[in-house]
Amino acid sequence: KANDGDGRGFIAACVSNVHPFLFVSRRGSKFIFVVDLADQKSINKFDAKKPVSTLVCHPSKPALASGHVDGSVRVWDYQLGTCRVVSEE
């Protein structure tokens with residue numbers, strides 16, 4: 001259940017072209033929620049460690065990039081549920 005953050009709604013979202021997944025993060029949240037659109041259920045949650053400001057899905061690979069309020073970027077392999085790359089500002 002996507003209920004963390006400051007309660008002002010979703011700030012970032014993207015939909016995968018590879019799998020029927022929606023990725024969302026709430027305003028002020030350090031978590032990225034994975035929602036299976038076929039089942040309409042949250043199936044995973046990634047701890048991004050810092051508040052998320054933007055999400056971008058790769059068009060043909062199971063990869064997700066998250067941008068953060070401090071300027072850092074993380075690249076996630078959402079099939080494995082791991083962060084593959086971290087770029088600190």
# chains A, B, ... in the order shown; residues from 1 in each chain; ligands from 1
>>> residues_around(residues="Asn44 in chain A", least_positions_apart="6", cutoff="8 Å", atoms="only C-alpha atoms", output="ChimeraX atom specification")
/A:33-35
>>> residues_around(residues="Phe21 in chain A", least_positions_apart="6", cutoff="9 Å", atoms="only C-alpha atoms", output="list in words")
Cys14, Val15, Val34, Val35, Asp36, Leu37 and Ala38 of chain A
>>> closest_residue(among="A:Phe46, A:Pro59, A:Pro20, A:Lys41", to="Cys83 in chain A", atoms="only C-alpha atoms")
A:Phe46
>>> closest_residue(among="A:Glu88, A:Ala13, A:Asp77, A:Leu22", to="Ser53 in chain A", atoms="only C-alpha atoms")
A:Ala13
>>> select_by_dssp(residues="range 1-86 of chain A", states="strand (DSSP E)", output="MDAnalysis selection string")
chainID A and resid 10:15 21:26 31:36 41:47 52:57 63:68 73:77 82:86
>>> residues_around(residues="Lys50 in chain A", least_positions_apart="3", cutoff="12 Å", atoms="only C-alpha atoms", output="PyMOL selection string")
chain A and resi 5+25+27-32+46-47+53-54+66-74+86+88
>>> closest_residue(among="A:Val18, A:Ala65, A:Ile11, A:Val24", to="Ile43 in chain A", atoms="only C-alpha atoms")
A:Val24
>>> closest_residue(among="A:Gln40, A:Ala63, A:Ser16, A:Val56", to="Leu80 in chain A", atoms="only C-alpha atoms")
A:Ala63
>>> decode(residues="chain A", atoms="C-alpha atoms", output="compact mmCIF listing (two decimals), in the first residue's frame")
# COMPACT_ATOMS: atom_id res chain seq x y z
CA LYS A 1 0.00 0.00 0.00
CA ALA A 2 1.52 3.29 -1.12
CA ASN A 3 0.91 5.39 1.98
CA ASP A 4 4.20 6.98 2.91
CA GLY A 5 5.31 10.51 1.98
CA ASP A 6 3.60 13.68 3.07
CA GLY A 7 0.10 12.82 1.79
CA ARG A 8 -0.04 15.31 -1.09
CA GLY A 9 -0.32 12.63 -3.77
CA PHE A 10 1.92 11.09 -6.38
CA ILE A 11 4.78 13.11 -7.77
CA ALA A 12 6.42 10.63 -10.16
CA ALA A 13 5.18 7.73 -12.27
CA CYS A 14 6.03 5.76 -15.39
CA VAL A 15 4.73 2.65 -17.16
CA SER A 16 6.99 -0.08 -18.48
CA ASN A 17 6.81 -1.05 -22.16
CA VAL A 18 8.43 -4.41 -21.30
CA HIS A 19 6.03 -5.62 -18.56
CA PRO A 20 2.59 -4.39 -17.46
CA PHE A 21 4.09 -2.52 -14.49
CA LEU A 22 3.42 0.95 -13.16
CA PHE A 23 6.10 2.59 -11.02
CA VAL A 24 5.00 5.34 -8.64
CA SER A 25 6.43 7.42 -5.85
CA ARG A 26 4.63 9.79 -3.51
CA ARG A 27 5.69 13.35 -2.84
CA GLY A 28 8.47 13.36 -0.25
CA SER A 29 8.86 9.57 -0.31
CA LYS A 30 12.06 7.59 -0.68
CA PHE A 31 10.10 4.53 -1.85
CA ILE A 32 9.19 3.44 -5.39
CA PHE A 33 6.18 1.16 -5.60
CA VAL A 34 5.75 -1.42 -8.37
CA VAL A 35 2.15 -2.06 -9.37
CA ASP A 36 1.19 -4.98 -11.62
CA LEU A 37 -1.38 -3.45 -13.95
CA ALA A 38 -2.81 -6.85 -14.91
CA ASP A 39 -3.65 -7.68 -11.28
CA GLN A 40 -3.91 -4.06 -10.08
CA LYS A 41 -1.82 -4.93 -7.03
CA SER A 42 1.36 -3.55 -5.54
CA ILE A 43 3.97 -6.29 -6.00
CA ASN A 44 7.21 -4.70 -4.83
CA LYS A 45 8.74 -1.64 -3.19
CA PHE A 46 12.24 -0.26 -3.75
CA ASP A 47 13.96 1.80 -1.06
CA ALA A 48 15.66 4.58 -3.00
CA LYS A 49 17.28 5.95 0.20
CA LYS A 50 16.48 9.58 -0.80
CA PRO A 51 13.26 11.40 -1.80
CA VAL A 52 12.30 10.69 -5.42
CA SER A 53 11.63 13.56 -7.82
CA THR A 54 11.24 11.73 -11.14
CA LEU A 55 10.95 8.24 -12.66
CA VAL A 56 11.73 7.12 -16.21
CA CYS A 57 11.24 3.61 -17.66
CA HIS A 58 13.61 2.24 -20.29
CA PRO A 59 11.66 1.65 -23.54
CA SER A 60 12.90 -1.90 -24.18
CA LYS A 61 14.74 -3.22 -21.10
CA PRO A 62 13.56 -4.02 -17.56
CA ALA A 63 15.23 -0.87 -16.23
CA LEU A 64 13.98 2.13 -14.32
CA ALA A 65 15.84 5.37 -13.56
CA SER A 66 14.96 7.41 -10.49
CA GLY A 67 16.04 11.02 -10.06
CA HIS A 68 16.23 12.44 -6.55
CA VAL A 69 15.82 15.85 -4.97
CA ASP A 70 19.55 16.06 -4.20
CA GLY A 71 20.48 15.53 -7.89
CA SER A 72 21.48 11.88 -7.56
CA VAL A 73 20.28 9.22 -10.02
CA ARG A 74 19.72 5.51 -9.49
CA VAL A 75 19.19 2.86 -12.18
CA TRP A 76 17.14 -0.18 -11.14
CA ASP A 77 16.79 -3.65 -12.62
CA TYR A 78 13.15 -4.18 -11.71
CA GLN A 79 13.16 -7.88 -12.63
CA LEU A 80 15.86 -8.51 -10.03
CA GLY A 81 14.64 -5.76 -7.70
CA THR A 82 18.12 -4.28 -7.39
CA CYS A 83 19.77 -0.93 -7.86
CA ARG A 84 22.47 -1.35 -10.51
CA VAL A 85 23.98 2.14 -10.71
CA VAL A 86 24.10 5.10 -8.35
CA SER A 87 25.30 8.52 -9.46
CA GLU A 88 25.72 10.99 -6.61
CA GLU A 89 25.55 14.71 -7.24
